[in-house]
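This is target_37.pdb (PDB, C-alpha atoms).
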ATOM      1  CA  MET A   1     -16.731  27.945  38.342
ATOM      2  CA  PHE A   2     -14.248  25.307  37.195
ATOM      3  CA  GLU A   3     -12.787  23.136  39.951
ATOM      4  CA  LEU A   4      -9.479  21.623  38.863
ATOM      5  CA  ARG A   5      -9.150  18.020  40.054
ATOM      6  CA  ARG A   6      -6.208  15.700  39.533
ATOM      7  CA  ASP A   7      -6.639  12.004  38.835
ATOM      8  CA  PRO A   8      -4.751  10.041  41.525
ATOM      9  CA  VAL A   9      -3.633   7.363  39.051
ATOM     10  CA  THR A  10      -2.677   9.123  35.809
ATOM     11  CA  GLY A  11      -2.050  12.603  37.190
ATOM     12  CA  TRP A  12      -4.263  14.073  34.460
ATOM     13  CA  TRP A  13      -6.342  17.123  35.356
ATOM     14  CA  SER A  14     -10.064  17.668  34.833
ATOM     15  CA  ALA A  15     -12.039  20.888  35.068
ATOM     16  CA  VAL A  16     -15.268  20.038  36.893
ATOM     17  CA  VAL A  17     -18.135  22.528  36.800
ATOM     18  CA  THR A  18     -19.397  22.805  40.384
ATOM     19  CA  ASP A  19     -21.597  25.916  40.437
ATOM     20  CA  ARG A  20     -23.995  25.248  37.557
ATOM     21  CA  SER A  21     -27.734  24.957  38.125
ATOM     22  CA  PHE A  22     -28.357  21.454  36.872
ATOM     23  CA  GLU A  23     -31.104  20.823  34.374
ATOM     24  CA  HIS A  24     -31.754  17.098  34.146
ATOM     25  CA  SER A  25     -32.974  17.476  30.563
ATOM     26  CA  SER A  26     -29.599  18.809  29.421
ATOM     27  CA  PHE A  27     -28.039  15.401  30.141
ATOM     28  CA  ALA A  28     -30.878  13.255  28.796
ATOM     29  CA  VAL A  29     -29.338  12.502  25.398
ATOM     30  CA  GLN A  30     -31.061   9.736  23.451
ATOM     31  CA  ALA A  31     -28.855   7.102  21.799
ATOM     32  CA  LEU A  32     -29.320   7.285  18.035
ATOM     33  CA  PRO A  33     -29.720   4.040  16.109
ATOM     34  CA  VAL A  34     -26.967   3.010  13.732
ATOM     35  CA  GLU A  35     -27.884   4.100  10.212
ATOM     36  CA  GLY A  36     -29.314   1.440   7.936
ATOM     37  CA  SER A  37     -31.772  -1.309   8.724
ATOM     38  CA  HIS A  38     -29.890  -4.324   7.397
ATOM     39  CA  CYS A  39     -28.019  -6.421   9.985
ATOM     40  CA  ARG A  40     -25.302  -8.643   8.573
ATOM     41  CA  HIS A  41     -24.880 -10.381  11.922
ATOM     42  CA  CYS A  42     -28.476 -11.599  11.781
ATOM     43  CA  ASP A  43     -27.876 -12.852   8.220
ATOM     44  CA  GLU A  44     -24.843 -14.831   9.323
ATOM     45  CA  ALA A  45     -26.337 -16.225  12.531
ATOM     46  CA  PRO A  46     -27.256 -19.919  12.617
ATOM     47  CA  ASP A  47     -30.864 -20.903  13.120
ATOM     48  CA  GLY A  48     -32.126 -21.326  16.651
ATOM     49  CA  ASP A  49     -32.905 -18.860  19.433
ATOM     50  CA  ASP A  50     -30.314 -19.740  22.046
ATOM     51  CA  ASP A  51     -27.637 -17.865  23.962
ATOM     52  CA  ARG A  52     -24.675 -18.678  21.760
ATOM     53  CA  VAL A  53     -22.105 -15.970  21.045
ATOM     54  CA  ARG A  54     -20.174 -15.970  17.776
ATOM     55  CA  ARG A  55     -16.685 -14.622  17.207
ATOM     56  CA  VAL A  56     -16.196 -12.811  13.906
ATOM     57  CA  THR A  57     -12.849 -11.548  12.583
ATOM     58  CA  LEU A  58     -13.341  -8.211  10.864
ATOM     59  CA  ARG A  59      -9.709  -7.619   9.905
ATOM     60  CA  ARG A  60      -6.369  -9.309  10.338
ATOM     61  CA  ASP A  61      -3.196  -7.196  10.390
ATOM     62  CA  ALA A  62      -5.469  -4.306  11.325
ATOM     63  CA  PHE A  63      -2.713  -2.001  12.638
ATOM     64  CA  HIS A  64       0.004  -0.615  10.356
ATOM     65  CA  ARG A  65       3.061   0.928  11.964
ATOM     66  CA  ILE A  66       4.683   3.879  10.154
ATOM     67  CA  ASP A  67       8.139   5.050  11.163
ATOM     68  CA  ALA A  68       7.685   8.746  11.990
ATOM     69  CA  SER A  69      11.446   9.375  11.761
ATOM     70  CA  LYS A  70      11.445   8.975   7.986
ATOM     71  CA  ASP A  71      11.020  12.018   5.777
ATOM     72  CA  ARG A  72       7.950  10.789   3.978
ATOM     73  CA  ALA A  73       6.176   9.578   7.098
ATOM     74  CA  ALA A  74       4.588  13.003   7.570
ATOM     75  CA  GLN A  75       2.487  12.310   4.447
ATOM     76  CA  LEU A  76       1.487   8.893   5.884
ATOM     77  CA  SER A  77       2.667   7.155   2.749
ATOM     78  CA  MET A  78       1.826   3.472   2.737
ATOM     79  CA  SER A  79       5.302   2.871   1.360
ATOM     80  CA  GLU A  80       6.612   3.755   4.826
ATOM     81  CA  VAL A  81       4.680   0.989   6.597
ATOM     82  CA  GLU A  82       7.177  -1.094   8.565
ATOM     83  CA  THR A  83       4.910  -3.793   9.978
ATOM     84  CA  SER A  84       1.267  -4.835   9.967
ATOM     85  CA  SER A  85      -0.116  -6.842  12.838
ATOM     86  CA  GLY A  86      -2.881  -7.042  15.409
ATOM     87  CA  SER A  87      -6.549  -7.645  14.674
ATOM     88  CA  TRP A  88     -10.083  -6.297  14.946
ATOM     89  CA  GLU A  89     -12.808  -8.732  15.979
ATOM     90  CA  ILE A  90     -16.389  -8.652  17.191
ATOM     91  CA  LEU A  91     -18.309 -11.017  19.442
ATOM     92  CA  VAL A  92     -22.000 -11.066  18.556
ATOM     93  CA  GLY A  93     -25.156 -12.453  20.090
ATOM     94  CA  PRO A  94     -27.736 -14.679  18.375
ATOM     95  CA  ARG A  95     -30.049 -13.658  15.553
ATOM     96  CA  ASP A  96     -32.439 -10.747  16.263
ATOM     97  CA  HIS A  97     -30.734  -9.747  19.508
ATOM     98  CA  HIS A  98     -30.561  -5.977  19.165
ATOM     99  CA  GLU A  99     -31.208  -5.179  22.823
ATOM    100  CA  ARG A 100     -28.902  -3.202  25.054
ATOM    101  CA  PHE A 101     -26.371  -5.137  27.117
ATOM    102  CA  ALA A 102     -28.267  -3.973  30.221
ATOM    103  CA  ASP A 103     -31.400  -5.703  28.930
ATOM    104  CA  ALA A 104     -29.837  -8.950  27.704
ATOM    105  CA  ARG A 105     -30.864 -12.208  29.354
ATOM    106  CA  PRO A 106     -28.420 -12.977  32.187
ATOM    107  CA  GLN A 107     -27.155 -16.150  30.505
ATOM    108  CA  LEU A 108     -26.576 -14.363  27.202
ATOM    109  CA  ALA A 109     -24.743 -11.516  28.960
ATOM    110  CA  VAL A 110     -22.604 -14.053  30.840
ATOM    111  CA  ASN A 111     -21.809 -15.824  27.583
ATOM    112  CA  LEU A 112     -20.742 -12.559  25.976
ATOM    113  CA  LEU A 113     -18.340 -11.800  28.831
ATOM    114  CA  ARG A 114     -17.073 -15.381  28.908
ATOM    115  CA  ALA A 115     -16.458 -15.277  25.160
ATOM    116  CA  THR A 116     -14.597 -11.992  25.676
ATOM    117  CA  ARG A 117     -12.338 -13.559  28.307
ATOM    118  CA  ASP A 118     -11.687 -16.667  26.193
ATOM    119  CA  ALA A 119     -10.974 -14.697  23.020
ATOM    120  CA  MET A 120      -8.568 -12.441  24.920
ATOM    121  CA  ARG A 121      -6.775 -15.498  26.267
ATOM    122  CA  GLN A 122      -6.441 -16.940  22.762
ATOM    123  CA  LEU A 123      -5.270 -13.639  21.242
ATOM    124  CA  GLY A 124      -2.622 -13.452  23.933
ATOM    125  CA  THR A 125      -1.084 -16.727  22.720
ATOM    126  CA  GLU A 126      -0.813 -15.750  19.038
ATOM    127  CA  PRO A 127       2.721 -15.306  17.637
ATOM    128  CA  ARG A 128       4.208 -11.812  17.667
ATOM    129  CA  GLY A 129       7.593 -10.231  17.140
ATOM    130  CA  PRO A 130      10.192 -10.576  19.913
ATOM    131  CA  GLU A 131       9.965  -6.866  20.786
ATOM    132  CA  GLU A 132       6.319  -6.342  19.884
ATOM    133  CA  PRO A 133       3.973  -5.478  22.761
ATOM    134  CA  ARG A 134       0.328  -6.501  22.588
ATOM    135  CA  TYR A 135      -2.657  -4.987  24.292
ATOM    136  CA  ILE A 136      -6.163  -6.400  23.846
ATOM    137  CA  GLN A 137      -8.890  -3.814  24.208
ATOM    138  CA  ALA A 138     -12.515  -4.836  24.840
ATOM    139  CA  VAL A 139     -15.186  -2.214  24.098
ATOM    140  CA  GLN A 140     -18.978  -2.390  24.324
ATOM    141  CA  SER A 141     -20.716   0.592  22.729
ATOM    142  CA  HIS A 142     -24.301   1.762  22.437
ATOM    143  CA  GLY A 143     -25.635   4.422  20.089
ATOM    144  CA  ARG A 144     -24.339   6.125  16.973
ATOM    145  CA  GLN A 145     -22.855   8.985  19.050
ATOM    146  CA  ALA A 146     -20.623   6.420  20.795
ATOM    147  CA  GLY A 147     -19.274   5.105  17.498
ATOM    148  CA  SER A 148     -21.312   1.896  17.514
ATOM    149  CA  ARG A 149     -21.218   0.185  14.119
ATOM    150  CA  SER A 150     -24.072  -2.210  14.688
ATOM    151  CA  GLN A 151     -27.377  -2.404  16.558
ATOM    152  CA  HIS A 152     -26.629  -6.082  17.211
ATOM    153  CA  LEU A 153     -25.620  -6.993  20.779
ATOM    154  CA  ASN A 154     -21.825  -7.200  20.628
ATOM    155  CA  MET A 155     -18.412  -6.691  22.186
ATOM    156  CA  GLU A 156     -15.507  -5.445  20.066
ATOM    157  CA  LEU A 157     -11.932  -6.677  20.554
ATOM    158  CA  TYR A 158      -8.800  -4.948  19.266
ATOM    159  CA  ALA A 159      -5.409  -6.650  19.487
ATOM    160  CA  ILE A 160      -3.104  -3.620  19.364
ATOM    161  CA  PRO A 161       0.667  -3.922  18.789
ATOM    162  CA  GLN A 162       1.501  -1.211  21.335
ATOM    163  CA  ILE A 163       0.564  -0.148  24.857
ATOM    164  CA  PRO A 164      -2.039   2.654  24.503
ATOM    165  CA  HIS A 165      -1.138   5.958  26.123
ATOM    166  CA  TRP A 166      -4.013   5.922  28.625
ATOM    167  CA  LEU A 167      -3.144   2.441  29.844
ATOM    168  CA  ALA A 168       0.573   3.267  29.987
ATOM    169  CA  GLU A 169      -0.225   6.226  32.246
ATOM    170  CA  GLU A 170      -2.312   3.974  34.497
ATOM    171  CA  ILE A 171       0.446   1.372  34.687
ATOM    172  CA  GLY A 172       2.996   4.030  35.590
ATOM    173  CA  GLY A 173       0.695   5.652  38.138
ATOM    174  CA  GLY A 174      -0.090   2.327  39.766
ATOM    175  CA  ALA A 175       3.618   1.515  40.067
ATOM    176  CA  ARG A 176       4.447   4.918  41.562
ATOM    177  CA  HIS A 177       1.695   4.532  44.134
ATOM    178  CA  VAL A 178       2.954   1.100  45.220
ATOM    179  CA  ILE A 179       6.497   2.467  45.560
ATOM    180  CA  SER A 180       5.391   5.456  47.655
ATOM    181  CA  ARG A 181       2.460   3.977  49.612
ATOM    182  CA  ARG A 182       3.045   0.209  49.461
ATOM    183  CA  THR A 183      -0.589  -0.280  48.430
ATOM    184  CA  CYS A 184      -2.654  -0.589  45.244
ATOM    185  CA  VAL A 185      -4.180   2.743  44.245
ATOM    186  CA  TRP A 186      -7.385   1.131  42.872
ATOM    187  CA  CYS A 187      -7.905  -0.915  46.042
ATOM    188  CA  GLY A 188      -7.511   2.298  48.022
ATOM    189  CA  LEU A 189      -9.887   4.247  45.783
ATOM    190  CA  ALA A 190     -12.597   1.593  45.979
ATOM    191  CA  ARG A 191     -12.288   1.378  49.759
ATOM    192  CA  ALA A 192     -12.303   5.152  50.251
ATOM    193  CA  GLU A 193     -15.254   5.763  47.930
ATOM    194  CA  GLU A 194     -17.315   3.035  49.579
ATOM    195  CA  GLU A 195     -16.580   4.388  53.057
ATOM    196  CA  ALA A 196     -17.258   8.036  52.165
ATOM    197  CA  GLY A 197     -20.338   7.285  50.082
ATOM    198  CA  GLU A 198     -20.530  10.720  48.431
ATOM    199  CA  ARG A 199     -19.557   9.468  44.980
ATOM    200  CA  LEU A 200     -20.589   5.841  45.485
ATOM    201  CA  VAL A 201     -23.167   4.564  42.980
ATOM    202  CA  PHE A 202     -23.442   1.094  44.522
ATOM    203  CA  ALA A 203     -21.324  -1.707  45.939
ATOM    204  CA  ASP A 204     -21.971  -5.427  45.862
ATOM    205  CA  GLU A 205     -20.131  -8.507  47.026
ATOM    206  CA  ALA A 206     -17.585  -8.426  44.206
ATOM    207  CA  PHE A 207     -17.350  -4.809  42.933
ATOM    208  CA  VAL A 208     -17.410  -1.167  43.963
ATOM    209  CA  VAL A 209     -18.956   1.255  41.457
ATOM    210  CA  PHE A 210     -18.369   4.990  41.845
ATOM    211  CA  ALA A 211     -18.088   8.275  39.993
ATOM    212  CA  PRO A 212     -14.363   9.170  39.975
ATOM    213  CA  ALA A 213     -13.547  12.421  41.748
ATOM    214  CA  ALA A 214     -11.689  13.726  38.682
ATOM    215  CA  ALA A 215     -14.119  12.216  36.154
ATOM    216  CA  ARG A 216     -13.364  13.323  32.620
ATOM    217  CA  SER A 217     -16.933  12.956  31.367
ATOM    218  CA  ALA A 218     -20.387  13.569  32.806
ATOM    219  CA  PHE A 219     -21.885  10.597  34.683
ATOM    220  CA  GLU A 220     -18.725   8.537  34.217
ATOM    221  CA  MET A 221     -18.481   5.420  36.385
ATOM    222  CA  MET A 222     -15.526   3.268  37.428
ATOM    223  CA  ILE A 223     -16.219  -0.392  38.194
ATOM    224  CA  VAL A 224     -13.467  -1.870  40.383
ATOM    225  CA  PRO A 225     -13.345  -5.503  41.575
ATOM    226  CA  ARG A 226     -12.797  -5.922  45.288
ATOM    227  CA  GLU A 227     -10.304  -8.734  44.742
ATOM    228  CA  HIS A 228      -6.969  -7.369  43.620
ATOM    229  CA  GLY A 229      -5.717  -8.728  40.318
ATOM    230  CA  PRO A 230      -4.053  -7.289  37.217
ATOM    231  CA  ASP A 231      -5.616  -9.471  34.534
ATOM    232  CA  PHE A 232      -9.293  -9.809  33.607
ATOM    233  CA  THR A 233      -8.574 -13.042  31.727
ATOM    234  CA  ALA A 234      -7.683 -14.761  35.019
ATOM    235  CA  LEU A 235     -11.356 -14.655  36.091
ATOM    236  CA  ASP A 236     -13.075 -18.005  36.506
ATOM    237  CA  ASP A 237     -16.697 -18.580  35.482
ATOM    238  CA  ASP A 238     -18.027 -17.517  38.904
ATOM    239  CA  GLY A 239     -16.116 -14.264  38.564
ATOM    240  CA  ILE A 240     -17.564 -13.733  35.085
ATOM    241  CA  ALA A 241     -21.083 -14.253  36.452
ATOM    242  CA  ALA A 242     -20.483 -11.674  39.206
ATOM    243  CA  CYS A 243     -19.051  -9.266  36.656
ATOM    244  CA  ARG A 244     -22.158  -9.653  34.481
ATOM    245  CA  ALA A 245     -24.494  -8.763  37.338
ATOM    246  CA  THR A 246     -22.503  -5.658  38.277
ATOM    247  CA  LEU A 247     -22.131  -4.366  34.710
ATOM    248  CA  GLN A 248     -25.821  -4.776  33.951
ATOM    249  CA  ARG A 249     -26.750  -2.957  37.161
ATOM    250  CA  ALA A 250     -24.326  -0.105  36.409
ATOM    251  CA  LEU A 251     -25.775   0.256  32.921
ATOM    252  CA  THR A 252     -29.291   0.225  34.357
ATOM    253  CA  ALA A 253     -28.330   3.216  36.524
ATOM    254  CA  LEU A 254     -27.831   5.178  33.295
ATOM    255  CA  ASP A 255     -31.582   4.911  32.732
ATOM    256  CA  ALA A 256     -31.658   8.007  34.934
ATOM    257  CA  LEU A 257     -30.714   9.799  31.700
ATOM    258  CA  GLY A 258     -33.185   7.907  29.521
ATOM    259  CA  ASP A 259     -31.347   5.757  26.981
ATOM    260  CA  PRO A 260     -27.983   7.528  26.573
ATOM    261  CA  PRO A 261     -25.174   6.499  24.223
ATOM    262  CA  TYR A 262     -22.115   5.148  26.013
ATOM    263  CA  ASN A 263     -18.777   3.381  25.766
ATOM    264  CA  LEU A 264     -18.034   0.613  28.266
ATOM    265  CA  PHE A 265     -14.409  -0.496  28.158
ATOM    266  CA  LEU A 266     -12.033  -2.753  30.014
ATOM    267  CA  HIS A 267      -8.570  -1.822  31.263
ATOM    268  CA  THR A 268      -6.450  -4.884  31.987
ATOM    269  CA  SER A 269      -2.773  -5.767  31.912
ATOM    270  CA  PRO A 270      -1.016  -6.107  28.545
ATOM    271  CA  VAL A 271      -0.215  -9.578  27.246
ATOM    272  CA  GLY A 272       2.771 -11.137  29.014
ATOM    273  CA  GLU A 273       3.280  -8.283  31.499
ATOM    274  CA  ARG A 274       3.781  -9.187  35.167
ATOM    275  CA  LEU A 275       1.986  -6.412  37.017
ATOM    276  CA  ASP A 276       0.697  -8.446  39.940
ATOM    277  CA  GLN A 277       1.251  -5.804  42.623
ATOM    278  CA  THR A 278       0.993  -2.562  40.661
ATOM    279  CA  PHE A 279      -2.059  -2.880  38.395
ATOM    280  CA  HIS A 280      -5.725  -3.612  39.081
ATOM    281  CA  TRP A 281      -8.050  -4.432  36.175
ATOM    282  CA  HIS A 282     -11.317  -2.471  36.008
ATOM    283  CA  TRP A 283     -14.121  -1.332  33.739
ATOM    284  CA  GLU A 284     -14.922   2.278  32.883
ATOM    285  CA  LEU A 285     -18.324   3.473  31.701
ATOM    286  CA  HIS A 286     -18.438   6.771  29.801
ATOM    287  CA  PRO A 287     -21.798   8.146  28.629
ATOM    288  CA  ARG A 288     -21.461  10.220  25.442
ATOM    289  CA  LEU A 289     -23.636  13.200  26.317
ATOM    290  CA  ARG A 290     -22.039  16.104  24.486
ATOM    291  CA  VAL A 291     -19.507  17.179  21.896
ATOM    292  CA  ILE A 292     -15.926  18.086  22.830
ATOM    293  CA  ALA A 293     -15.669  21.852  23.314
ATOM    294  CA  GLY A 294     -12.976  24.268  22.181
ATOM    295  CA  LEU A 295     -11.170  24.489  25.524
ATOM    296  CA  GLU A 296     -10.729  20.706  25.577
ATOM    297  CA  ARG A 297      -9.460  20.578  22.005
ATOM    298  CA  ALA A 298      -7.075  23.444  22.626
ATOM    299  CA  THR A 299      -5.609  22.198  25.906
ATOM    300  CA  ALA A 300      -6.503  18.460  26.270
ATOM    301  CA  LEU A 301      -7.970  19.505  29.628
ATOM    302  CA  ALA A 302     -11.144  17.475  30.123
ATOM    303  CA  VAL A 303     -14.169  19.595  31.069
ATOM    304  CA  ASN A 304     -16.883  17.795  33.027
ATOM    305  CA  PRO A 305     -20.160  19.758  33.229
ATOM    306  CA  ALA A 306     -21.651  17.449  35.889
ATOM    307  CA  ALA A 307     -19.859  17.209  39.223
ATOM    308  CA  PRO A 308     -19.280  13.521  40.114
ATOM    309  CA  GLU A 309     -21.023  14.032  43.469
ATOM    310  CA  TYR A 310     -24.169  15.203  41.662
ATOM    311  CA  ALA A 311     -23.920  12.417  39.088
ATOM    312  CA  ALA A 312     -23.593   9.719  41.750
ATOM    313  CA  GLU A 313     -26.661  11.063  43.564
ATOM    314  CA  VAL A 314     -28.743  10.912  40.371
ATOM    315  CA  LEU A 315     -27.531   7.394  39.541
ATOM    316  CA  ARG A 316     -28.135   6.123  43.090
ATOM    317  CA  ASP A 317     -31.644   7.521  43.020
ATOM    318  CA  ARG A 318     -32.393   5.675  39.785
ATOM    319  CA  LEU A 319     -31.276   2.384  41.316
ATOM    320  CA  ARG A 320     -33.326   3.004  44.467
ATOM    321  CA  ARG A 321     -36.442   3.678  42.409
ATOM    322  CA  GLY A 322     -35.787   0.599  40.278
ATOM    323  CA  THR A 323     -35.671  -1.844  43.195
TER     324      THR A 323
END

As a first step, turn the structure in this file into structure tokens.
Amino acid sequence: MFELRRDPVTGWWSAVVTDRSFEHSSFAVQALPVEGSHCRHCDEAPDGDDDRVRRVTLRRDAFHRIDASKDRAAQLSMSEVETSSGSWEILVGPRDHHERFADARPQLAVNLLRATRDAMRQLGTEPRGPEEPRYIQAVQSHGRQAGSRSQHLNMELYAIPQIPHWLAEEIGGGARHVISRRTCVWCGLARAEEEAGERLVFADEAFVVFAPAAARSAFEMMIVPREHGPDFTALDDDGIAACRATLQRALTALDALGDPPYNLFLHTSPVGERLDQTFHWHWELHPRLRVIAGLERATALAVNPAAPEYAAEVLRDRLRRGT
């Protein structure tokens, strides 16, 4: 049976399978290593085994805008490119650090998150057109199935000259909720999930981690800071340290599935936007456990084969056994 659930922020629907007999082995997908054994990041790393994080620019002017209103735009002709801007960068750990983020030394993991915050701050100050939006997306991936391009411990940063659709829907949903309820929807979600406990994975002093009720992927987790704020880059070093501890613990919970591939990504306010009351920055963790099926391709309706209540129970049990 499919149970249709509506996300309280975006309004998007998910079809959650609630009557399947769960076989743990069907979700235990092993992350595949990135093809090739040569690591350019190790070649370029300076000597010394410390916790330094390097920032590497992979491409400037990485995003080309094509005007879809022109006749030839349908063929994606490069002659129709109006502007080129944005960037694609990667933050990498020291030489020979090919471990998962969950297994990184605490100081190295803190340095990676601090470097992410600082790079995002700097990218936000770079010149852009008067009408050009900018969104900086941070992504940490593990496994070939998750699109990882390197085994080296890293965080990717994309400076995008538009507001991505997913984030735009969250911004709009957050604003509508404040208008109708006078409260932040993410603050309310975190509070309700912690109190109910059914989908709660864990909660600590600074964050609440839970499986969203309308999760779009199996064993998805949302990581919401208790303190309301729209912008990740406003965190001080103490906040970064707390964030490190929570993210590593959330990733450790995925050991319930073995060593699955995943995408960990940050949703924060776009550069220069004042969303103090209506947006709440957060991380999302999406294991990549299966291919997209025909129904999802045909309808854009996400199908989740593992009910969030079941997923949270499995993840909680892993953390209990690990302590």

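Near range 219-223 of chain A, within a cut-off of 7 Å and counting all atoms listed in the file, sit the residues Phe207, Val208, Val209, Phe210, Ala211, Pro212, His282, Trp283, Glu284, Leu285, His286, Pro287, Ala306, Pro308 and Ala311 of chain A, with same-chain residues fewer than 5 positions away left out.
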
- Query: So how many Å separate CA of Ala62 in chain A and CA of Glu131 in chain A, to one decimal?
  - Reply: 18.3 Å

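Here CA of Phe202 in chain A is placed at a distance of 19.4 Å from CA of Pro106 in chain A.
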
- Message: Excluding Gly322 in chain A and its own-chain neighbours fewer than 3 positions away, which residues fall within 9 Å of it when counting only C-alpha atoms? Please give them as a list in words.
- Response: Thr252, Ala253, Asp317, Arg318 and Leu319 of chain A

Return as a tab-separated table the residues of range 216-294 of chain A lying at most 9 Å from range 187-198 of chain A, together with the closest atom-to-atom pair for each and the distance in Å to one decimal, counting all atoms listed in the file, with rows in chain order and ascending residue number.
residue	atom	partner	partner_atom	distance
A:Ile223	CA	A:Ala190	CA	8.8
A:Val224	CA	A:Ala190	CA	6.6
A:Pro225	CA	A:Ala190	CA	8.4
A:Arg226	CA	A:Cys187	CA	7.0
A:Glu227	CA	A:Cys187	CA	8.3
A:His228	CA	A:Cys187	CA	7.0
A:His280	CA	A:Cys187	CA	7.8

Contacts of Phe2 in chain A at 10 Å (only C-alpha atoms; same-chain gap of 2+ positions) as a PDB file with C-alpha atoms, in the frame of the given file:
ATOM      1  CA  LEU A   4      -9.479  21.623  38.863  1.00  0.00           C
ATOM      2  CA  ARG A   5      -9.150  18.020  40.054  1.00  0.00           C
ATOM      3  CA  SER A  14     -10.064  17.668  34.833  1.00  0.00           C
ATOM      4  CA  ALA A  15     -12.039  20.888  35.068  1.00  0.00           C
ATOM      5  CA  VAL A  16     -15.268  20.038  36.893  1.00  0.00           C
ATOM      6  CA  VAL A  17     -18.135  22.528  36.800  1.00  0.00           C
ATOM      7  CA  THR A  18     -19.397  22.805  40.384  1.00  0.00           C
ATOM      8  CA  ASP A  19     -21.597  25.916  40.437  1.00  0.00           C
ATOM      9  CA  ARG A  20     -23.995  25.248  37.557  1.00  0.00           C
ATOM     10  CA  VAL A 303     -14.169  19.595  31.069  1.00  0.00           C
ATOM     11  CA  ASN A 304     -16.883  17.795  33.027  1.00  0.00           C
ATOM     12  CA  PRO A 305     -20.160  19.758  33.229  1.00  0.00           C
TER      13      PRO A 305
END

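Among A:Leu167, A:Ala256, A:Ala300, A:Leu289, the residue with the shortest atom-to-atom distance to Val9 in chain A, counting all atoms listed in the file, is A:Leu167.
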
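Relative to CA of Arg249 in chain A, CA of Leu112 in chain A is found at 15.9 Å.
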
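Every protein or nucleic acid residue with an atom no more than 8 Å from Arg117 in chain A, counting only C-alpha atoms and leaving out same-chain residues fewer than 6 positions away, appears here: Phe232, Thr233 and Leu235 of chain A.
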
Could you please take those selected residues and save C-alpha atoms as a PDB file, in the coordinates of the input?
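Result file result.pdb:
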ATOM      1  CA  PHE A 232      -9.293  -9.809  33.607  1.00  0.00           C
ATOM      2  CA  THR A 233      -8.574 -13.042  31.727  1.00  0.00           C
ATOM      3  CA  LEU A 235     -11.356 -14.655  36.091  1.00  0.00           C
TER       4      LEU A 235
END

- Run the PyMOL selection byres ((chain A and resi 262) around 10) on the file and write out the hits as a list in words. Ala31, Gln140, Ser141, His142, Gly143, Arg144, Gln145, Ala146, Gly147, Ser148, Glu220, Leu251, Leu254, Asp259, Pro260, Pro261, Asn263, Leu264, Phe265, Leu285, His286, Pro287, Arg288 and Leu289 of chain A

- How would you write, as an NGL selection string, the residues chosen by the PyMOL selection byres ((chain A and resi 129) around 12) on this structure? :A and (83-86 or 126-128 or 130-134 or 161-162)

- Using the chain letters and numbering of this document, enumerate as a VMD selection string the residues selected by the PyMOL selection byres ((chain A and resi 57) around 9). chain A and resid 55 to 56 58 to 60 87 to 91

- Starting from the point (-29.8, -9.0, 12.7), work out which residues of protein, DNA or RNA have an atom no more than 12 Å away when counting only C-alpha atoms; state them as a ChimeraX atom specification. /A:36-47,92-99,150-154

- Task: Would you kindly return, as an NGL selection string, each protein, DNA or RNA residue with an atom no farther than 10 Å from any atom of Asp237 in chain A, considering all atoms listed in the file and excluding same-chain residues fewer than 5 positions away?
- Result: :A and (110-111 or 113-114 or 117 or 242-243)

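Using only C-alpha atoms, the nearest neighbour of Gln107 in chain A within the list A:Glu156, A:Asp61, A:Asp51, A:Asp7 is A:Asp51.
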
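With distances restricted to only C-alpha atoms, A:Val178 is the closest residue to Leu275 in chain A from A:Val178, A:Val34, A:Ala298, A:Leu315.
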